[in-house]
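**Q** I'm passing along data25.tsv; it holds TSV, C-alpha atoms (C1' of nucleotides).
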```tsv
chain	number	residue	atom	x	y	z
A	1	MET	CA	58.89	99.46	140.27
A	2	ASP	CA	58.00	96.41	142.35
A	3	ARG	CA	56.80	93.53	140.22
A	4	PRO	CA	55.22	90.12	140.67
A	5	ALA	CA	57.14	87.00	139.70
A	6	PRO	CA	58.55	86.97	136.17
A	7	VAL	CA	56.28	85.35	133.63
A	8	SER	CA	57.48	82.14	131.93
A	9	PRO	CA	60.18	79.54	132.01
A	10	CYS	CA	61.29	80.65	128.53
A	11	HIS	CA	65.07	80.94	128.40
A	12	CYS	CA	64.86	83.53	125.66
A	13	LEU	CA	62.34	85.77	127.36
A	14	ALA	CA	64.32	85.70	130.60
A	15	LEU	CA	67.51	86.62	128.80
A	16	ARG	CA	65.82	89.43	126.90
A	17	GLN	CA	64.40	90.89	130.09
A	18	ALA	CA	67.72	90.68	131.87
A	19	SER	CA	69.42	92.25	128.89
A	20	ARG	CA	67.01	95.16	128.88
A	21	ARG	CA	67.43	95.80	132.59
A	22	LEU	CA	71.18	95.58	132.53
A	23	THR	CA	71.43	97.77	129.45
A	24	GLN	CA	69.33	100.37	131.22
A	25	HIS	CA	71.66	100.24	134.23
A	26	TYR	CA	74.78	100.72	132.13
A	27	ASP	CA	73.13	103.34	129.93
A	28	GLN	CA	72.27	105.43	132.96
A	29	HIS	CA	75.87	105.38	134.13
A	30	LEU	CA	77.21	106.12	130.65
A	31	ALA	CA	74.69	108.90	129.95
A	32	PRO	CA	77.10	111.74	130.91
A	33	THR	CA	79.52	110.53	128.23
A	34	GLY	CA	76.99	110.78	125.40
A	35	LEU	CA	77.56	107.13	124.60
A	36	ARG	CA	75.15	104.26	124.91
A	37	THR	CA	76.31	100.94	126.23
A	38	SER	CA	76.03	99.44	122.76
A	39	GLN	CA	78.20	102.20	121.32
A	40	TYR	CA	80.78	101.93	124.06
A	41	GLY	CA	80.93	98.22	123.33
A	42	LEU	CA	81.48	98.84	119.65
A	43	LEU	CA	84.30	101.31	120.28
A	44	ARG	CA	86.02	98.97	122.73
A	45	GLY	CA	85.61	96.08	120.33
A	46	LEU	CA	86.96	97.95	117.36
A	47	GLY	CA	89.92	99.14	119.40
A	48	ARG	CA	90.86	95.53	119.94
A	49	VAL	CA	90.16	93.91	116.59
A	50	GLY	CA	90.39	96.81	114.12
A	51	PRO	CA	91.12	97.56	111.38
A	52	ILE	CA	88.48	95.16	110.12
A	53	SER	CA	85.66	94.88	107.63
A	54	ILE	CA	82.03	95.50	108.55
A	55	ASN	CA	81.04	91.87	108.13
A	56	GLY	CA	84.01	90.66	110.12
A	57	PHE	CA	83.29	93.08	112.92
A	58	ALA	CA	79.61	92.12	112.91
A	59	ASP	CA	80.52	88.46	113.34
A	60	ILE	CA	82.83	89.23	116.24
A	61	MET	CA	80.27	91.44	117.94
A	62	VAL	CA	77.55	88.84	117.40
A	63	MET	CA	75.39	91.16	115.35
A	64	ASP	CA	73.60	90.96	112.09
A	65	ARG	CA	75.70	92.56	109.40
A	66	THR	CA	73.02	95.10	108.49
A	67	THR	CA	72.55	96.02	112.13
A	68	MET	CA	76.25	96.68	112.36
A	69	GLY	CA	76.20	98.81	109.22
A	70	ARG	CA	73.56	101.07	110.70
A	71	ALA	CA	74.97	101.09	114.22
A	72	LEU	CA	78.14	102.60	112.76
A	73	HIS	CA	76.36	105.67	111.40
A	74	PRO	CA	76.20	107.76	114.59
A	75	LEU	CA	79.78	106.76	115.42
A	76	THR	CA	81.23	107.67	112.04
A	77	ARG	CA	79.10	110.81	112.00
A	78	ASP	CA	80.69	111.86	115.30
A	79	GLY	CA	84.15	110.97	114.05
A	80	LEU	CA	84.78	108.20	116.56
A	81	ILE	CA	85.13	105.53	113.92
A	82	ALA	CA	86.53	105.91	110.42
A	83	ALA	CA	85.23	103.76	107.57
A	84	GLY	CA	87.88	103.93	104.85
A	85	PRO	CA	88.33	101.81	101.75
A	86	GLY	CA	89.40	98.22	102.39
A	87	ARG	CA	91.78	95.93	100.53
A	88	ASP	CA	89.02	95.28	97.96
A	89	GLY	CA	86.65	97.41	96.04
A	90	ARG	CA	84.01	95.68	98.12
A	91	THR	CA	85.36	95.84	101.63
A	92	ARG	CA	85.42	98.84	103.91
A	93	SER	CA	88.01	99.12	106.62
A	94	LEU	CA	86.86	100.22	110.06
A	95	THR	CA	89.31	101.91	112.37
A	96	LEU	CA	89.05	103.62	115.72
A	97	THR	CA	89.96	107.30	115.37
A	98	GLU	CA	91.92	109.28	117.94
A	99	ALA	CA	88.71	110.95	119.00
A	100	GLY	CA	87.23	107.50	119.43
A	101	GLN	CA	90.14	106.35	121.56
A	102	LYS	CA	89.85	109.49	123.67
A	103	ARG	CA	86.14	108.96	124.07
A	104	ILE	CA	86.69	105.42	125.34
A	105	GLU	CA	89.11	106.68	127.95
A	106	GLU	CA	86.68	109.36	129.06
A	107	ALA	CA	83.87	106.85	129.34
A	108	GLN	CA	85.83	104.13	131.07
A	109	PRO	CA	85.35	105.37	134.65
A	110	PHE	CA	81.60	105.52	134.09
A	111	TRP	CA	81.58	102.03	132.64
A	112	GLU	CA	83.64	100.79	135.58
A	113	GLN	CA	81.17	102.25	138.01
A	114	ALA	CA	78.28	100.59	136.19
A	115	GLN	CA	80.10	97.27	136.25
A	116	ARG	CA	81.01	97.67	139.91
A	117	THR	CA	77.60	98.75	141.18
A	118	PHE	CA	76.02	95.87	139.31
A	119	GLU	CA	78.43	93.43	140.88
A	120	GLU	CA	77.69	94.88	144.30
A	121	ARG	CA	73.97	94.35	143.88
A	122	TYR	CA	74.00	91.06	142.05
A	123	GLY	CA	77.14	89.58	143.52
A	124	ALA	CA	80.51	89.58	141.79
A	125	VAL	CA	80.74	85.81	141.55
A	126	PRO	CA	77.26	85.23	140.10
A	127	ALA	CA	77.88	88.14	137.76
A	128	GLY	CA	81.02	86.50	136.47
A	129	ASP	CA	79.23	83.18	136.10
A	130	LEU	CA	76.40	84.84	134.22
A	131	ARG	CA	78.80	86.65	131.91
A	132	ARG	CA	80.70	83.49	131.08
A	133	ALA	CA	77.47	81.60	130.48
A	134	ALA	CA	76.30	84.36	128.16
A	135	GLU	CA	79.60	84.37	126.30
A	136	ARG	CA	79.38	80.63	125.82
A	137	LEU	CA	75.86	80.99	124.48
A	138	ALA	CA	76.87	83.69	122.03
A	139	LEU	CA	79.49	81.37	120.61
A	140	SER	CA	77.58	78.11	120.68
A	141	VAL	CA	74.05	78.64	119.44
B	1	MET	CA	79.74	82.18	111.08
B	2	ASP	CA	82.82	81.17	113.08
B	3	ARG	CA	84.10	83.93	115.29
B	4	PRO	CA	87.16	84.75	117.37
B	5	ALA	CA	86.81	85.04	121.13
B	6	PRO	CA	84.14	87.45	122.34
B	7	VAL	CA	85.39	90.92	123.02
B	8	SER	CA	85.30	92.20	126.61
B	9	PRO	CA	84.61	91.15	130.15
B	10	CYS	CA	81.60	93.50	130.21
B	11	HIS	CA	78.64	91.75	131.77
B	12	CYS	CA	76.21	93.91	129.84
B	13	LEU	CA	77.77	93.38	126.45
B	14	ALA	CA	77.91	89.63	126.97
B	15	LEU	CA	74.26	89.53	127.97
B	16	ARG	CA	73.23	91.64	125.00
B	17	GLN	CA	75.09	89.40	122.59
B	18	ALA	CA	73.61	86.27	124.09
B	19	SER	CA	70.18	87.83	124.00
B	20	ARG	CA	70.53	88.65	120.32
B	21	ARG	CA	71.67	85.15	119.42
B	22	LEU	CA	69.01	83.43	121.42
B	23	THR	CA	66.29	85.71	120.08
B	24	GLN	CA	67.40	84.87	116.57
B	25	HIS	CA	67.21	81.16	117.35
B	26	TYR	CA	63.69	81.41	118.74
B	27	ASP	CA	62.56	83.79	116.00
B	28	GLN	CA	63.63	81.32	113.34
B	29	HIS	CA	61.58	78.59	114.94
B	30	LEU	CA	58.57	80.85	115.45
B	31	ALA	CA	58.72	82.33	111.94
B	32	PRO	CA	56.04	79.99	110.49
B	33	THR	CA	53.59	81.29	113.09
B	34	GLY	CA	53.96	84.92	112.08
B	35	LEU	CA	54.93	85.80	115.63
B	36	ARG	CA	58.24	87.05	116.91
B	37	THR	CA	59.64	85.75	120.15
B	38	SER	CA	58.89	89.07	121.82
B	39	GLN	CA	55.28	88.93	120.69
B	40	TYR	CA	54.85	85.33	121.75
B	41	GLY	CA	56.18	86.34	125.15
B	42	LEU	CA	53.72	89.20	125.41
B	43	LEU	CA	50.75	86.98	124.52
B	44	ARG	CA	51.81	84.32	127.02
B	45	GLY	CA	52.36	86.96	129.67
B	46	LEU	CA	49.05	88.66	129.13
B	47	GLY	CA	47.27	85.31	129.23
B	48	ARG	CA	48.61	84.83	132.72
B	49	VAL	CA	48.30	88.27	134.28
B	50	GLY	CA	45.55	89.95	132.24
B	51	PRO	CA	43.34	91.91	132.32
B	52	ILE	CA	45.84	94.56	133.30
B	53	SER	CA	46.85	98.11	132.55
B	54	ILE	CA	49.65	98.98	130.14
B	55	ASN	CA	51.94	100.28	132.88
B	56	GLY	CA	51.28	97.26	135.07
B	57	PHE	CA	51.97	94.89	132.23
B	58	ALA	CA	55.12	96.78	131.30
B	59	ASP	CA	56.44	96.40	134.84
B	60	ILE	CA	55.76	92.69	134.87
B	61	MET	CA	57.38	92.17	131.48
B	62	VAL	CA	60.39	94.27	132.50
B	63	MET	CA	59.86	96.80	129.76
B	64	ASP	CA	59.71	100.53	129.54
B	65	ARG	CA	56.11	101.70	129.54
B	66	THR	CA	56.45	103.44	126.19
B	67	THR	CA	58.04	100.37	124.65
B	68	MET	CA	55.11	98.31	125.83
B	69	GLY	CA	52.63	100.80	124.42
B	70	ARG	CA	54.17	100.53	120.99
B	71	ALA	CA	54.81	96.79	121.13
B	72	LEU	CA	51.07	96.32	121.55
B	73	HIS	CA	50.24	97.99	118.24
B	74	PRO	CA	50.86	95.05	115.90
B	75	LEU	CA	49.12	92.72	118.34
B	76	THR	CA	45.99	94.84	118.75
B	77	ARG	CA	46.01	95.51	115.02
B	78	ASP	CA	45.91	91.76	114.37
B	79	GLY	CA	43.21	91.27	116.99
B	80	LEU	CA	45.30	89.12	119.31
B	81	ILE	CA	45.08	91.57	122.20
B	82	ALA	CA	42.19	93.90	123.03
B	83	ALA	CA	42.84	97.27	124.68
B	84	GLY	CA	39.53	98.31	126.16
B	85	PRO	CA	38.75	101.09	128.65
B	86	GLY	CA	40.02	100.48	132.17
B	87	ARG	CA	38.51	101.30	135.54
B	88	ASP	CA	39.54	104.95	135.11
B	89	GLY	CA	39.29	107.43	132.34
B	90	ARG	CA	43.06	107.10	132.24
B	91	THR	CA	43.70	103.40	132.34
B	92	ARG	CA	43.30	100.98	129.49
B	93	SER	CA	42.59	97.33	130.15
B	94	LEU	CA	44.54	94.76	128.16
B	95	THR	CA	43.02	91.34	127.55
B	96	LEU	CA	43.99	88.36	125.45
B	97	THR	CA	41.37	87.77	122.76
B	98	GLU	CA	40.19	84.34	121.63
B	99	ALA	CA	42.25	84.78	118.48
B	100	GLY	CA	45.22	85.55	120.71
B	101	GLN	CA	44.66	82.43	122.78
B	102	LYS	CA	44.35	80.37	119.62
B	103	ARG	CA	47.53	81.89	118.24
B	104	ILE	CA	49.43	80.95	121.38
B	105	GLU	CA	48.30	77.37	121.08
B	106	GLU	CA	49.29	77.25	117.42
B	107	ALA	CA	52.71	78.67	118.21
B	108	GLN	CA	53.43	76.55	121.26
B	109	PRO	CA	54.89	73.53	119.42
B	110	PHE	CA	57.29	75.81	117.57
B	111	TRP	CA	58.31	77.51	120.80
B	112	GLU	CA	58.82	74.12	122.43
B	113	GLN	CA	61.08	73.03	119.63
B	114	ALA	CA	63.11	76.20	119.93
B	115	GLN	CA	63.44	75.68	123.67
B	116	ARG	CA	64.33	72.01	123.23
B	117	THR	CA	66.90	72.44	120.47
B	118	PHE	CA	68.56	75.18	122.48
B	119	GLU	CA	68.75	72.94	125.51
B	120	GLU	CA	70.23	70.17	123.40
B	121	ARG	CA	73.00	72.40	122.14
B	122	TYR	CA	73.71	74.37	125.27
B	123	GLY	CA	72.82	71.73	127.83
B	124	ALA	CA	69.54	71.61	129.70
B	125	VAL	CA	71.10	72.16	133.11
B	126	PRO	CA	73.22	75.18	132.15
B	127	ALA	CA	70.23	76.56	130.28
B	128	GLY	CA	68.11	76.36	133.41
B	129	ASP	CA	70.87	77.93	135.46
B	130	LEU	CA	71.22	80.73	132.95
B	131	ARG	CA	67.49	81.35	132.87
B	132	ARG	CA	67.23	81.53	136.65
B	133	ALA	CA	70.23	83.85	136.82
B	134	ALA	CA	68.63	86.09	134.21
B	135	GLU	CA	65.31	86.11	136.06
B	136	ARG	CA	67.05	87.08	139.26
B	137	LEU	CA	68.84	89.90	137.46
B	138	ALA	CA	65.61	91.19	135.97
B	139	LEU	CA	64.14	91.44	139.44
B	140	SER	CA	67.16	92.70	141.33
B	141	VAL	CA	68.88	95.43	139.36
C	1	DG	C1'	88.40	85.32	78.51
C	2	DT	C1'	83.81	84.01	80.15
C	3	DG	C1'	80.29	82.45	82.84
C	4	DT	C1'	78.99	81.57	87.43
C	5	DA	C1'	79.27	81.53	92.15
C	6	DA	C1'	80.44	83.85	96.23
C	7	DA	C1'	81.70	87.84	99.06
C	8	DG	C1'	80.80	92.53	100.87
C	9	DC	C1'	77.70	96.03	101.47
C	10	DG	C1'	73.50	99.01	101.06
C	11	DT	C1'	68.29	99.86	101.38
C	12	DG	C1'	63.35	99.21	102.51
C	13	DC	C1'	60.42	97.51	105.78
C	14	DA	C1'	58.76	96.34	110.28
C	15	DT	C1'	59.40	95.93	114.92
C	16	DA	C1'	62.08	96.93	119.47
C	17	DT	C1'	64.01	100.10	122.87
C	18	DG	C1'	63.76	103.95	125.99
C	19	DC	C1'	64.29	109.10	127.12
C	20	DG	C1'	62.02	113.67	127.35
C	21	DC	C1'	58.03	116.15	126.99
C	22	DC	C1'	53.14	116.58	126.89
C	23	DT	C1'	47.99	115.90	128.12
C	24	DA	C1'	44.22	114.10	130.68
C	25	DA	C1'	42.28	112.18	134.67
C	26	DG	C1'	42.04	111.21	139.55
C	27	DC	C1'	42.95	112.77	144.27
C	28	DA	C1'	43.96	115.30	148.42
C	29	DA	C1'	44.46	119.68	151.00
C	30	DG	C1'	42.71	124.11	151.69
D	1	DC	C1'	35.71	124.58	144.10
D	2	DT	C1'	40.45	125.36	143.33
D	3	DT	C1'	45.27	124.38	143.64
D	4	DG	C1'	48.65	121.22	143.19
D	5	DC	C1'	50.55	116.43	143.18
D	6	DT	C1'	50.26	111.92	141.26
D	7	DT	C1'	49.01	108.46	137.88
D	8	DA	C1'	48.21	106.62	133.07
D	9	DG	C1'	49.25	107.09	128.72
D	10	DG	C1'	50.62	109.23	124.07
D	11	DC	C1'	54.09	111.15	120.80
D	12	DG	C1'	58.62	112.79	118.82
D	13	DC	C1'	63.19	111.57	118.44
D	14	DA	C1'	67.10	108.61	118.02
D	15	DT	C1'	69.07	104.29	118.03
D	16	DA	C1'	68.77	98.91	117.80
D	17	DT	C1'	67.43	94.70	115.46
D	18	DG	C1'	67.28	91.63	111.53
D	19	DC	C1'	64.95	89.75	107.14
D	20	DA	C1'	64.38	90.12	102.04
D	21	DC	C1'	66.16	92.00	98.16
D	22	DG	C1'	69.42	94.15	95.15
D	23	DC	C1'	73.97	95.84	93.63
D	24	DT	C1'	78.93	95.67	92.74
D	25	DT	C1'	83.21	93.36	93.01
D	26	DT	C1'	86.01	89.51	93.33
D	27	DA	C1'	87.30	84.46	92.91
D	28	DC	C1'	87.27	80.39	90.35
D	29	DA	C1'	86.38	76.78	87.13
D	30	DC	C1'	86.55	75.97	82.33
```
Can you turn what I pasted into structure tokens?
**A**
Amino acid sequence: MDRPAPVSPCHCLALRQASRRLTQHYDQHLAPTGLRTSQYGLLRGLGRVGPISINGFADIMVMDRTTMGRALHPLTRDGLIAAGPGRDGRTRSLTLTEAGQKRIEEAQPFWEQAQRTFEERYGAVPAGDLRRAAERLALSV
Amino acid sequence: MDRPAPVSPCHCLALRQASRRLTQHYDQHLAPTGLRTSQYGLLRGLGRVGPISINGFADIMVMDRTTMGRALHPLTRDGLIAAGPGRDGRTRSLTLTEAGQKRIEEAQPFWEQAQRTFEERYGAVPAGDLRRAAERLALSV
DNA sequence: GTGTAAAGCGTGCATATGCGCCTAAGCAAG
DNA sequence: CTTGCTTAGGCGCATATGCACGCTTTACAC
């Protein structure tokens, strides 16, 4: 997998490529848990901000609302997230189930190893800088 | 679309969120051209490194080979990229067609505006730093 | 109360993403 | 020439991504 120089000074393309690579790295570490990185992120996020509506959760996770709706399917199917009725007839209330909480705890060591091995290769300081820059982008654009 | 603080110190999650947001920004600007950001990136990339095989192009663009194979479908369908026979009976040779070259030129002003407006909001210097950090990640991990 | 706007969510469509498995073609050792 | 490894690519499956459109429910002005 040796490649020539990356093609283009496009900020977006560079970020997309980096995102793909990093996702692959984390996914490989999380594979034994049966969770993808995206799903682990959703569980962690819901654990912090739930109970919450789909739209609210989508905003927090920086996703399109319809993407969120569909991303929840495999998680509700597997009983990791419960989507009960909300305070309205419109809203649905998302909560992390006990199985979901347990699954997070099982997956955490694998996530930590992914995070750690990435920091070892890329450098912990640059990794932190990159993360903060990405967080700022997600909030600002 | 105002959100609370982003959830998690996970490098991967932060990068994925930023990637989604930025892709949305560029996609909105490129919408009049009928190209998505990803497709514009593929055309630009192929223009630089083509003719090339699918696997070779996938490596350069930091994609899975199967993802590349499928991403080419709408582009070959629309005649922007030609997938002729390669030097082997196995390999296929990807080239940018004249229509593809023309499409890039048509789209360029829209891409430039997306790039520029992002830099205005996020800051040109941080944007460059972020792009270089992302490029390094794509090559290193 | 009623009409209208807005909020919350779902669905259809098209593309994006990558893993596992498969086939075909080249290539080297015997 | 045959056996076996490697390379190039396709396809099925499942999830990810978001736009356009539509539906139901609520909020609000009047």
**Q** Work out how far apart atom CA of Glu112 of chain B and atom CA of Met61 of chain B are and give it in Å to one decimal.
**A** 20.2 Å
**Q** Distance limit 10 Å, atoms considered: all atoms listed in the file. Which chain D residues sit that close to chain A? Return them as a PDB file with C-alpha atoms (C1' of nucleotides), in the coordinates of the input.
**A**
```
ATOM      1  C1'  DA D  14      67.100 108.610 118.020  1.00  0.00           C
ATOM      2  C1'  DT D  15      69.070 104.290 118.030  1.00  0.00           C
ATOM      3  C1'  DA D  16      68.770  98.910 117.800  1.00  0.00           C
ATOM      4  C1'  DT D  17      67.430  94.700 115.460  1.00  0.00           C
ATOM      5  C1'  DG D  18      67.280  91.630 111.530  1.00  0.00           C
ATOM      6  C1'  DC D  19      64.950  89.750 107.140  1.00  0.00           C
ATOM      7  C1'  DT D  24      78.930  95.670  92.740  1.00  0.00           C
ATOM      8  C1'  DT D  25      83.210  93.360  93.010  1.00  0.00           C
ATOM      9  C1'  DT D  26      86.010  89.510  93.330  1.00  0.00           C
TER      10       DT D  26
END
```
**Q** Compute the distance from (44.0, 105.4, 139.2) to each atom, counting all atoms listed in the file, keep the residues with any atom at most 12 Å away, and return them as a CSV table (one decimal) with C-alpha atoms (C1' of nucleotides), in the frame of the given file; use the coordinates of the file.
**A**
```
chain,number,residue,atom,x,y,z
B,53,SER,CA,46.8,98.1,132.6
B,55,ASN,CA,51.9,100.3,132.9
B,56,GLY,CA,51.3,97.3,135.1
B,86,GLY,CA,40.0,100.5,132.2
B,87,ARG,CA,38.5,101.3,135.5
B,88,ASP,CA,39.5,105.0,135.1
B,89,GLY,CA,39.3,107.4,132.3
B,90,ARG,CA,43.1,107.1,132.2
B,91,THR,CA,43.7,103.4,132.3
B,92,ARG,CA,43.3,101.0,129.5
C,25,DA,C1',42.3,112.2,134.7
C,26,DG,C1',42.0,111.2,139.6
C,27,DC,C1',43.0,112.8,144.3
D,6,DT,C1',50.3,111.9,141.3
D,7,DT,C1',49.0,108.5,137.9
D,8,DA,C1',48.2,106.6,133.1
D,9,DG,C1',49.2,107.1,128.7
```
**Q** Which is closer to DT15 of chain C than all the others in B:Leu72, B:Leu22, B:Pro109, B:Ala58, using all atoms listed in the file?
**A** B:Leu72
**Q** Can you tell me, as a list of chain:residue names, what residues are no more than 12 Å from DC21 of chain C when counting all atoms listed in the file, ignoring any on the same chain fewer than 3 positions away?
**A**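 Counting all atoms listed in the file, the residues come to D:DG10, D:DC11, D:DG12, D:DC13.
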**Q** Write a file of the selected residues as a PDB file, keeping the file's coordinate frame, keeping C-alpha atoms (C1' of nucleotides).
**A**
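As a result, out.pdb now contains:
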```pdb
ATOM      1  C1'  DG D  10      50.620 109.230 124.070  1.00  0.00           C
ATOM      2  C1'  DC D  11      54.090 111.150 120.800  1.00  0.00           C
ATOM      3  C1'  DG D  12      58.620 112.790 118.820  1.00  0.00           C
ATOM      4  C1'  DC D  13      63.190 111.570 118.440  1.00  0.00           C
TER       5       DC D  13
END
```
**Q** What are the nearest atom pairs, with distances in Å to one decimal, for all residues of chain A that come at most 9 Å from chain B, using all atoms listed in the file, set out by chain and rising residue number as JSON lines?
**A**
```
{"residue": "A:Met1", "atom": "CA", "partner": "B:Asp59", "partner_atom": "CA", "distance": 6.7}
{"residue": "A:Asp2", "atom": "CA", "partner": "B:Asp59", "partner_atom": "CA", "distance": 7.7}
{"residue": "A:Arg3", "atom": "CA", "partner": "B:Ile60", "partner_atom": "CA", "distance": 5.5}
{"residue": "A:Pro4", "atom": "CA", "partner": "B:Ile60", "partner_atom": "CA", "distance": 6.4}
{"residue": "A:Ala5", "atom": "CA", "partner": "B:Ile60", "partner_atom": "CA", "distance": 7.6}
{"residue": "A:Pro6", "atom": "CA", "partner": "B:Ile60", "partner_atom": "CA", "distance": 6.5}
{"residue": "A:Val7", "atom": "CA", "partner": "B:Gly45", "partner_atom": "CA", "distance": 5.8}
{"residue": "A:Ser8", "atom": "CA", "partner": "B:Gly45", "partner_atom": "CA", "distance": 7.4}
{"residue": "A:Pro9", "atom": "CA", "partner": "B:Arg131", "partner_atom": "CA", "distance": 7.6}
{"residue": "A:Cys10", "atom": "CA", "partner": "B:Gln115", "partner_atom": "CA", "distance": 7.3}
{"residue": "A:His11", "atom": "CA", "partner": "B:Arg131", "partner_atom": "CA", "distance": 5.1}
{"residue": "A:Cys12", "atom": "CA", "partner": "B:Leu22", "partner_atom": "CA", "distance": 5.9}
{"residue": "A:Leu13", "atom": "CA", "partner": "B:Gly41", "partner_atom": "CA", "distance": 6.6}
{"residue": "A:Ala14", "atom": "CA", "partner": "B:Glu135", "partner_atom": "CA", "distance": 5.6}
{"residue": "A:Leu15", "atom": "CA", "partner": "B:Ala134", "partner_atom": "CA", "distance": 5.6}
{"residue": "A:Arg16", "atom": "CA", "partner": "B:Ser19", "partner_atom": "CA", "distance": 5.5}
{"residue": "A:Gln17", "atom": "CA", "partner": "B:Val62", "partner_atom": "CA", "distance": 5.8}
{"residue": "A:Ala18", "atom": "CA", "partner": "B:Ala138", "partner_atom": "CA", "distance": 4.6}
{"residue": "A:Ser19", "atom": "CA", "partner": "B:Arg16", "partner_atom": "CA", "distance": 5.5}
{"residue": "A:Arg20", "atom": "CA", "partner": "B:Met63", "partner_atom": "CA", "distance": 7.4}
{"residue": "A:Arg21", "atom": "CA", "partner": "B:Ala138", "partner_atom": "CA", "distance": 6.0}
{"residue": "A:Leu22", "atom": "CA", "partner": "B:Cys12", "partner_atom": "CA", "distance": 5.9}
{"residue": "A:Thr23", "atom": "CA", "partner": "B:Cys12", "partner_atom": "CA", "distance": 6.2}
{"residue": "A:His25", "atom": "CA", "partner": "B:Val141", "partner_atom": "CA", "distance": 7.6}
{"residue": "A:Tyr26", "atom": "CA", "partner": "B:Cys12", "partner_atom": "CA", "distance": 7.3}
{"residue": "A:Thr37", "atom": "CA", "partner": "B:Leu13", "partner_atom": "CA", "distance": 7.7}
{"residue": "A:Ser38", "atom": "CA", "partner": "B:Leu13", "partner_atom": "CA", "distance": 7.3}
{"residue": "A:Gly41", "atom": "CA", "partner": "B:Leu13", "partner_atom": "CA", "distance": 6.6}
{"residue": "A:Arg44", "atom": "CA", "partner": "B:Ser8", "partner_atom": "CA", "distance": 7.8}
{"residue": "A:Gly45", "atom": "CA", "partner": "B:Val7", "partner_atom": "CA", "distance": 5.8}
{"residue": "A:Arg48", "atom": "CA", "partner": "B:Val7", "partner_atom": "CA", "distance": 7.8}
{"residue": "A:Val49", "atom": "CA", "partner": "B:Val7", "partner_atom": "CA", "distance": 8.5}
{"residue": "A:Gly56", "atom": "CA", "partner": "B:Arg3", "partner_atom": "CA", "distance": 8.5}
{"residue": "A:Asp59", "atom": "CA", "partner": "B:Arg3", "partner_atom": "CA", "distance": 6.1}
{"residue": "A:Ile60", "atom": "CA", "partner": "B:Arg3", "partner_atom": "CA", "distance": 5.5}
{"residue": "A:Met61", "atom": "CA", "partner": "B:Pro6", "partner_atom": "CA", "distance": 7.1}
{"residue": "A:Val62", "atom": "CA", "partner": "B:Gln17", "partner_atom": "CA", "distance": 5.8}
{"residue": "A:Met63", "atom": "CA", "partner": "B:Arg20", "partner_atom": "CA", "distance": 7.4}
{"residue": "A:Trp111", "atom": "CA", "partner": "B:Cys10", "partner_atom": "CA", "distance": 8.9}
{"residue": "A:Gln115", "atom": "CA", "partner": "B:His11", "partner_atom": "CA", "distance": 7.3}
{"residue": "A:Phe118", "atom": "CA", "partner": "B:Val141", "partner_atom": "CA", "distance": 7.2}
{"residue": "A:Arg121", "atom": "CA", "partner": "B:Val141", "partner_atom": "CA", "distance": 6.9}
{"residue": "A:Tyr122", "atom": "CA", "partner": "B:Leu137", "partner_atom": "CA", "distance": 7.0}
{"residue": "A:Pro126", "atom": "CA", "partner": "B:Ala133", "partner_atom": "CA", "distance": 7.9}
{"residue": "A:Ala127", "atom": "CA", "partner": "B:His11", "partner_atom": "CA", "distance": 7.0}
{"residue": "A:Gly128", "atom": "CA", "partner": "B:His11", "partner_atom": "CA", "distance": 7.4}
{"residue": "A:Asp129", "atom": "CA", "partner": "B:Leu130", "partner_atom": "CA", "distance": 8.9}
{"residue": "A:Leu130", "atom": "CA", "partner": "B:Leu130", "partner_atom": "CA", "distance": 6.7}
{"residue": "A:Arg131", "atom": "CA", "partner": "B:His11", "partner_atom": "CA", "distance": 5.1}
{"residue": "A:Arg132", "atom": "CA", "partner": "B:Ala14", "partner_atom": "CA", "distance": 7.9}
{"residue": "A:Ala133", "atom": "CA", "partner": "B:Leu130", "partner_atom": "CA", "distance": 6.8}
{"residue": "A:Ala134", "atom": "CA", "partner": "B:Ala18", "partner_atom": "CA", "distance": 5.2}
{"residue": "A:Glu135", "atom": "CA", "partner": "B:Ala14", "partner_atom": "CA", "distance": 5.6}
{"residue": "A:Arg136", "atom": "CA", "partner": "B:Ala18", "partner_atom": "CA", "distance": 8.3}
{"residue": "A:Leu137", "atom": "CA", "partner": "B:Ala18", "partner_atom": "CA", "distance": 5.8}
{"residue": "A:Ala138", "atom": "CA", "partner": "B:Ala18", "partner_atom": "CA", "distance": 4.6}
{"residue": "A:Leu139", "atom": "CA", "partner": "B:Arg3", "partner_atom": "CA", "distance": 7.5}
{"residue": "A:Ser140", "atom": "CA", "partner": "B:Tyr122", "partner_atom": "CA", "distance": 7.1}
{"residue": "A:Val141", "atom": "CA", "partner": "B:Arg121", "partner_atom": "CA", "distance": 6.9}
```
**Q** Please indicate the distance in Å from atom CA of Ala31 of chain A to atom CA of Phe110 of chain A, rounded to one decimal place.
**A**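 Atom-to-atom, atom CA of Ala31 of chain A to atom CA of Phe110 of chain A, that is 8.7 Å.
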**Q** If the cut-off is 10 Å, can you tell me the residues of chain C near chain A, counting only C-alpha atoms (C1' of nucleotides)? I'd like them as a list in words.
**A** DA7, DG8, DC9, DG10, DT11, DT17 and DG18 of chain C
**Q** Which neighbours of DC28 of chain D fall inside 12 Å, counting all atoms listed in the file, when residues of the same chain fewer than 4 positions from it are skipped, and could you give them as a list of chain:residue names?
**A**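 The filter keeps C:DT2, C:DG3, C:DT4, C:DA5, C:DA6.
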**Q** Please report the interatomic distance between atom CA of Leu30 of chain B and atom CA of Gly84 of chain B in Å with one decimal.
**A**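 Here the two named atoms are 28.0 Å from each other.
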